[in-house]
Amino acid sequence: MRSRFRTGTVKPFAASLLAATLALTGCDNNSSSGSSTPPPTLATLAGTTMAGPFLSGTVCAYRIVDGAKGAQIGCDDIDPATSGYSINVENYTGDVLLEIGNNARYNDEADATDDLSGTLLADGALRSIVTVSGSGVISAAITPLTEAAIRAAGELSAAAAQAAAVEIRDALGIDDSIDLFNTSPEVTPVTPAQLVYREALRALSQIQFNDPAYADDLGALLDDLANDAVEFADEFVTELNIGLSDDCAVTDGLLTCVEPGTGTGGGDGGDGGDGGDGGDGGDGGGDPVDSSGICGNITCSVGVSPGAFAPALPASVPTVGRLAGTNPSASIASAWANAQSDMKANVFRSRAESTYANLTVYYYPDNLSLTPRYTSTEYNATKTAQTGFSASYTFGADATPLTADDEILSHAFYYGATYSNQATFNGPGLDGIWRTSDDTTLNYWRTLVGVTGTDGNGHRIIVPELTAGDDLAWFTGDDYPASSGYQFVSLNAAGYGVQSVSYNGKGPDNTWFTADDVVQLYVVMELDLNGNALKTVTYDGKGPDNTWFTADDRVVSVLAGVVTDLRLTHVASYEDGADNTWFTADDAVAGWTFNRYDANGRLTGVATYSAKGADATWLTADDTASAISYVYDAAGRVVQTGTHAAPGADGQWFTGDDTMNHYTLNWYDAVTGKAVMTGAAFTGAGADGTWFTADDVLSNSISVRNYNADGRETRNVTFAAGVGADGNAFTADDVTSYSINRYIDGVQAGGVNVTAPNRGADGIAFTSDDVAYYNNSTTVDGKLVKLVTFNGPGADAIWFNADDPVHSYTTYTYGANARQASTTTYGSAGADGTWETADDVVSAATVTTMNGDIGTTITTDADSMITAWASLVFSGGGLTEYGVYYSGAGTDAEWQTGDDVVSYTYRYDFDNTGRTLSVAYGTLGADLVPDTADDFTTWTRYNYADIDTYAGYITYYATGLDGAWFTADDVKNVQSIQYYPVSQLK
């Protein structure tokens, strides 16, 4: 089983608290409050339904009683804009079953013919299970993968379903950081985890759509997936790679993604955005977050008018004539041979920027059919940016990783100007040396996308899809292009293309890139000195003489350009006239294209006229025309693109009265340059009927992010489609949810996440009645002494300052050897209404009583009744802690008697600086004796390169021959090694 460890450590004084907290809270509730002990208040289940975005339907929550579906708790209609739901379960605790019902319909994204009516889902066909314990918003996704996990579990149990989900996830090769039950797929993913989930669901949808065995039968697919997920692995990977996002990669069968929009793909998308304890911030604290506007430190607004554009015909109409093409067939073979070296250089780039690699080692002790291996993801010298290189290695004969006999199993890298495409190899090629250009690929990874190269003799070959032949090595004699063929471009002395020939067949010799390749069409251009096309003629047939590149070749289009101030401003498209013969006196202009530029030479508008209407006059109201507009920011990035169908009553393009199809916006952060929002599409001019005004109608929900100067995300605001009650976009009533992350001394220290149900009574975001939880901690001599939980922004509606209301607070005391002696949580300020005074009301307390190195921890509620207890054993001066946690009083209903219910056992080992050296969990084994070999099923050891640097972990699967845990011969399962020198890898 793969796992991931975050680099924080667990201090000795917090160990017993952490153990109790894990048992009380079940699983992470996915809030951003940073609270380790959720405040004891009402709970809400919220999340995303996804089999494709849902257009309609209802989610209902049911109690699970003795493994069976019980009484209904509540329901909520699915939001068609976000595919989300939210159900208040009040103070209920226990496992909850979630079901989609009420004739739900979803958009099957694999089916291009699926219209707005969607695909009908049978009631109860998709389910999820979540454990409710504590308070706040608890995330629960409902997807085909959660349903498959429930079917595989065979029982309605959160624990059993979670275990089954892990097996399905690992069998399919989904990033191991993904929890299928509480990770949100989201309609518009904004985190790597959300994108991974969406891509996985897309692949499942494509399997169902493309495999006749599952046509119109999602249930049959999920039954087979639940019965044997391993059988789906290959088909799943194949479908993943068809339409895979540029932000994702499948490496060695493992799907990972990076932050959407960064386009690097290929590895760990980072931890970011999670909560966690408040750190050493004290009350308030954290880097300030600008709350001056709905969108924080950027301006959210509708589009701007691109500026009026009134095309005018040129002073004189350009003339045209036949341009003679030249048959390049004799040059093809030599050009291909020479261009391959340039192509190789463009694809097989240097690893010089790779300095470190993060390694994950898989020992597979429970599956002898799998070969132990380890994988690498390479980083630059700063340890922050992935370089796009990755690899998988076998242990070699000594069965030990990172030794001299290790061998590469496969490697992969990204190529191209933006590293948007990936090449993957599983063989060293004829030279027997890995990472050289003759390495061989796998059969289903044999295509390179967008390969181009020059031959040094005035030719460029462009291959949209180059496929490796039977030798599975690229740039060898048996390579061939896909059905799109290739283009052979002839260059002039200035390097501009003057002729392009498209080939779509390999000719009688049955060999690609030879003189008899089949011509599909060719284009000949006459250029000026700046590369502007003055004339362009396209030929698509051989003519009566059945020979290409002769005077009777069939003309399919003729274009003539007009250059003004060194730029191509007009393009005339010709027709061959009444005599149906080209280049005779009756040839006439059939259409015009008008280009507009700004002072920097950037194209700001293109207006295309394809017919001049009944009045037979160009540039009048009855012309058939359309236009595209572009708006740039100061950095030269396109921030607005509009498609215009007609110029409106004023006869000018790009003004508010245009008839438009839509326009889209992209926004960028002024400091970091990061994209803070992409793809906001407006499809309506609003009530005033005028485009580029405040009531323009947003057609899709979007998320807007803010960053601080260090490039860390500080805010994320989600806006619903439409314009809200006030009739304007990007105002407070359009905000459906938002999150704010805070940082203390540059380190993330939790944050808040306000979802739609928590916008308070006014239903408006960024107001004083918003509800979310966050923590502030106070430490003394490195020990946590107080943790305060806040649940709102206060009267000023600004989070993380002095007027934020306190929800509860917890105090901590310590005894000998810095061991935690007590925790006391106060849930009410008492009669005087003032927190931290004598009448504060205790809601829960945990007290540890020590007798030497033996301790008892008892947790009580507000009525001083025991709710849980633990038996502790310390040794090594407090550097080891062993405990048995009891969660029930047993059949005699008396706590601290022999029949108390054991929830789990745990063991922590620390060094004298407080770093966690190992963690083990299990149950009280068959011998019922604490801290013996049969208590544990797995344990993890953490490694450090030095006092400040985390270096990785190892998880152990079983005891070795000695039968004892925590000894040198324990059986390794998975290992993580951080920032290993690339120079020491093969």
# chains A, B, ... in the order shown; residues from 1 in each chain; ligands from 1
$ residues_around --residues "A:Glu259" --least-positions-apart "4" --cutoff "7 Å" --atoms "only C-alpha atoms" --output "list in words"
Val190, Thr191, Pro192, Asp247 and Gly269 of chain A
$ select_by_dssp --residues "stretch 469-607 of chain A" --states "strand (DSSP E or B)" --output "JSON, numbers by chain"
{"A": [473, 480, 481, 486, 487, 488, 489, 490, 491, 497, 498, 499, 500, 501, 502, 503, 504, 505, 518, 519, 520, 521, 522, 523, 524, 525, 526, 527, 533, 534, 535, 536, 537, 538, 539, 540, 541, 554, 555, 556, 557, 558, 559, 560, 561, 562, 563, 564, 567, 568, 569, 570, 571, 572, 573, 574, 575, 588, 589, 590, 591, 592, 593, 594, 595, 596, 597, 603, 604, 605, 606, 607]}
$ residues_around --residues "A:Thr550" --least-positions-apart "6" --cutoff "9 Å" --atoms "only C-alpha atoms" --output "list of chain:residue names"
A:Ala324, A:Gly325, A:Thr326, A:Asn327, A:Lys542, A:Gly543
$ write_last_selection --atoms "N, CA, C and O atoms" --output "short mmCIF file (atom, residue, chain, number, x, y, z; two decimals), in the first residue's frame"
data_model
loop_
_atom_site.label_atom_id
_atom_site.label_comp_id
_atom_site.auth_asym_id
_atom_site.auth_seq_id
_atom_site.Cartn_x
_atom_site.Cartn_y
_atom_site.Cartn_z
N ALA A 324 3.58 29.00 -58.70
CA ALA A 324 4.09 27.70 -59.10
C ALA A 324 4.64 26.96 -57.89
O ALA A 324 5.47 27.49 -57.14
N GLY A 325 4.17 25.73 -57.72
CA GLY A 325 4.72 24.88 -56.67
C GLY A 325 5.91 24.09 -57.17
O GLY A 325 6.08 23.88 -58.38
N THR A 326 6.73 23.67 -56.22
CA THR A 326 7.92 22.88 -56.55
C THR A 326 7.82 21.52 -55.89
O THR A 326 7.58 21.44 -54.68
N ASN A 327 8.02 20.48 -56.66
CA ASN A 327 7.92 19.13 -56.12
C ASN A 327 9.13 18.84 -55.22
O ASN A 327 10.25 18.77 -55.69
N LYS A 542 -4.45 16.88 -58.53
CA LYS A 542 -3.40 16.81 -59.54
C LYS A 542 -3.79 17.45 -60.87
O LYS A 542 -2.92 17.76 -61.69
N GLY A 543 -5.05 17.61 -61.13
CA GLY A 543 -5.48 18.12 -62.42
C GLY A 543 -5.52 17.04 -63.48
O GLY A 543 -5.19 15.86 -63.24
#
$ closest_residue --among "A:Ala958, A:Leu402, A:Val304, A:Val785" --to "A:Ala933" --atoms "only C-alpha atoms"
A:Ala958
$ closest_atom_pairs --of "stretch 743-790 of chain A" --to "stretch 718-724 of chain A" --cutoff "12 Å" --atoms "only C-alpha atoms" --output "tab-separated table"
residue	atom	partner	partner_atom	distance
A:Asn753	CA	A:Thr718	CA	11.2
A:Val754	CA	A:Thr718	CA	10.4
A:Thr755	CA	A:Thr718	CA	9.6
A:Ala756	CA	A:Thr718	CA	9.9
A:Gly763	CA	A:Gly724	CA	11.7
A:Ile764	CA	A:Gly724	CA	10.8
A:Ala765	CA	A:Thr718	CA	10.2
$ closest_residue --among "A:Ala152, A:Val59, A:Ala164, A:Ile332" --to "A:Asp516" --atoms "only C-alpha atoms"
A:Ile332
$ atom_distance --atom1 "atom CA of A:Gly591" --atom2 "atom CA of A:Ser610"
4.5 Å
$ closest_residue --among "A:Gln896, A:Cys300, A:Tyr486, A:Cys295" --to "A:Phe766" --atoms "only C-alpha atoms"
A:Cys295
$ atom_distance --atom1 "atom CA of A:Gln206" --atom2 "atom CA of A:Asn107"
12.8 Å
$ closest_atom_pairs --of "stretch 206-262 of chain A" --to "stretch 43-56 of chain A" --cutoff "12 Å" --atoms "only C-alpha atoms" --output "CSV"
residue,atom,partner,partner_atom,distance
A:Gln206,CA,A:Gly52,CA,11.0
A:Gln208,CA,A:Ala51,CA,11.4
A:Leu218,CA,A:Ala51,CA,9.9
A:Leu222,CA,A:Ala51,CA,12.0
$ write_last_selection --atoms "C-alpha atoms" --output "mmCIF file, in the first residue's frame"
data_model
loop_
_atom_site.group_PDB
_atom_site.id
_atom_site.type_symbol
_atom_site.label_atom_id
_atom_site.label_comp_id
_atom_site.auth_asym_id
_atom_site.auth_seq_id
_atom_site.Cartn_x
_atom_site.Cartn_y
_atom_site.Cartn_z
ATOM 1 C CA GLN A 206 -14.932 6.215 -20.873
ATOM 2 C CA GLN A 208 -18.371 2.270 -19.591
ATOM 3 C CA LEU A 218 -23.181 1.562 -14.679
ATOM 4 C CA LEU A 222 -19.205 -1.107 -10.569
#
$ atom_distance --atom1 "atom CA of A:Tyr885" --atom2 "atom CA of A:Thr811"
21.5 Å
$ residues_around --residues "A:Ala473" --least-positions-apart "2" --cutoff "9 Å" --atoms "only C-alpha atoms" --output "ChimeraX atom specification"
/A:425,429,437-441,446,468-471,475-476,478-479
$ write_last_selection --atoms "N, CA and C atoms" --output "mmCIF file, in the first residue's frame"
data_model
loop_
_atom_site.group_PDB
_atom_site.id
_atom_site.type_symbol
_atom_site.label_atom_id
_atom_site.label_comp_id
_atom_site.auth_asym_id
_atom_site.auth_seq_id
_atom_site.Cartn_x
_atom_site.Cartn_y
_atom_site.Cartn_z
ATOM 1 N N PHE A 425 9.611 5.421 -21.495
ATOM 2 C CA PHE A 425 10.476 4.370 -22.022
ATOM 3 C C PHE A 425 10.556 3.218 -21.025
ATOM 4 N N GLY A 429 17.183 0.211 -25.371
ATOM 5 C CA GLY A 429 17.514 0.268 -26.784
ATOM 6 C C GLY A 429 18.704 -0.594 -27.163
ATOM 7 N N SER A 437 18.975 8.235 -26.788
ATOM 8 C CA SER A 437 17.867 8.460 -27.706
ATOM 9 C C SER A 437 17.339 7.204 -28.379
ATOM 10 N N ASP A 438 17.983 6.041 -28.183
ATOM 11 C CA ASP A 438 17.438 4.821 -28.772
ATOM 12 C C ASP A 438 16.632 3.993 -27.771
ATOM 13 N N ASP A 439 16.378 4.555 -26.581
ATOM 14 C CA ASP A 439 15.553 3.847 -25.607
ATOM 15 C C ASP A 439 14.199 3.513 -26.229
ATOM 16 N N THR A 440 13.644 2.391 -25.823
ATOM 17 C CA THR A 440 12.385 1.929 -26.405
ATOM 18 C C THR A 440 11.218 2.215 -25.476
ATOM 19 N N THR A 441 10.068 2.399 -26.086
ATOM 20 C CA THR A 441 8.869 2.747 -25.335
ATOM 21 C C THR A 441 7.947 1.546 -25.233
ATOM 22 N N ARG A 446 3.566 4.864 -27.564
ATOM 23 C CA ARG A 446 4.512 4.933 -28.678
ATOM 24 C C ARG A 446 4.350 6.180 -29.538
ATOM 25 N N ALA A 468 6.311 5.446 -32.924
ATOM 26 C CA ALA A 468 7.445 4.534 -33.038
ATOM 27 C C ALA A 468 6.976 3.241 -33.686
ATOM 28 N N GLY A 469 7.793 2.697 -34.581
ATOM 29 C CA GLY A 469 7.428 1.470 -35.286
ATOM 30 C C GLY A 469 7.601 0.240 -34.424
ATOM 31 N N ASP A 470 7.794 -0.892 -35.073
ATOM 32 C CA ASP A 470 7.872 -2.169 -34.355
ATOM 33 C C ASP A 470 9.041 -2.223 -33.385
ATOM 34 N N ASP A 471 10.117 -1.435 -33.651
ATOM 35 C CA ASP A 471 11.250 -1.453 -32.725
ATOM 36 C C ASP A 471 10.969 -0.638 -31.473
ATOM 37 N N PHE A 475 12.619 7.939 -33.919
ATOM 38 C CA PHE A 475 13.618 8.473 -34.833
ATOM 39 C C PHE A 475 14.489 7.360 -35.418
ATOM 40 N N THR A 476 13.807 6.279 -35.783
ATOM 41 C CA THR A 476 14.440 5.180 -36.529
ATOM 42 C C THR A 476 13.633 4.954 -37.792
ATOM 43 N N ASP A 478 11.582 2.826 -38.969
ATOM 44 C CA ASP A 478 10.210 2.342 -39.067
ATOM 45 C C ASP A 478 9.200 3.272 -38.389
ATOM 46 N N ASP A 479 9.634 4.472 -38.000
ATOM 47 C CA ASP A 479 8.685 5.435 -37.451
ATOM 48 C C ASP A 479 7.660 5.817 -38.517
#
$ closest_residue --among "A:Thr937, A:Thr767, A:Asn88, A:Thr897" --to "A:Ile294" --atoms "only C-alpha atoms"
A:Thr767
$ closest_residue --among "A:Val320, A:Val130, A:Leu466, A:Val901" --to "A:Ser157" --atoms "only C-alpha atoms"
A:Val130
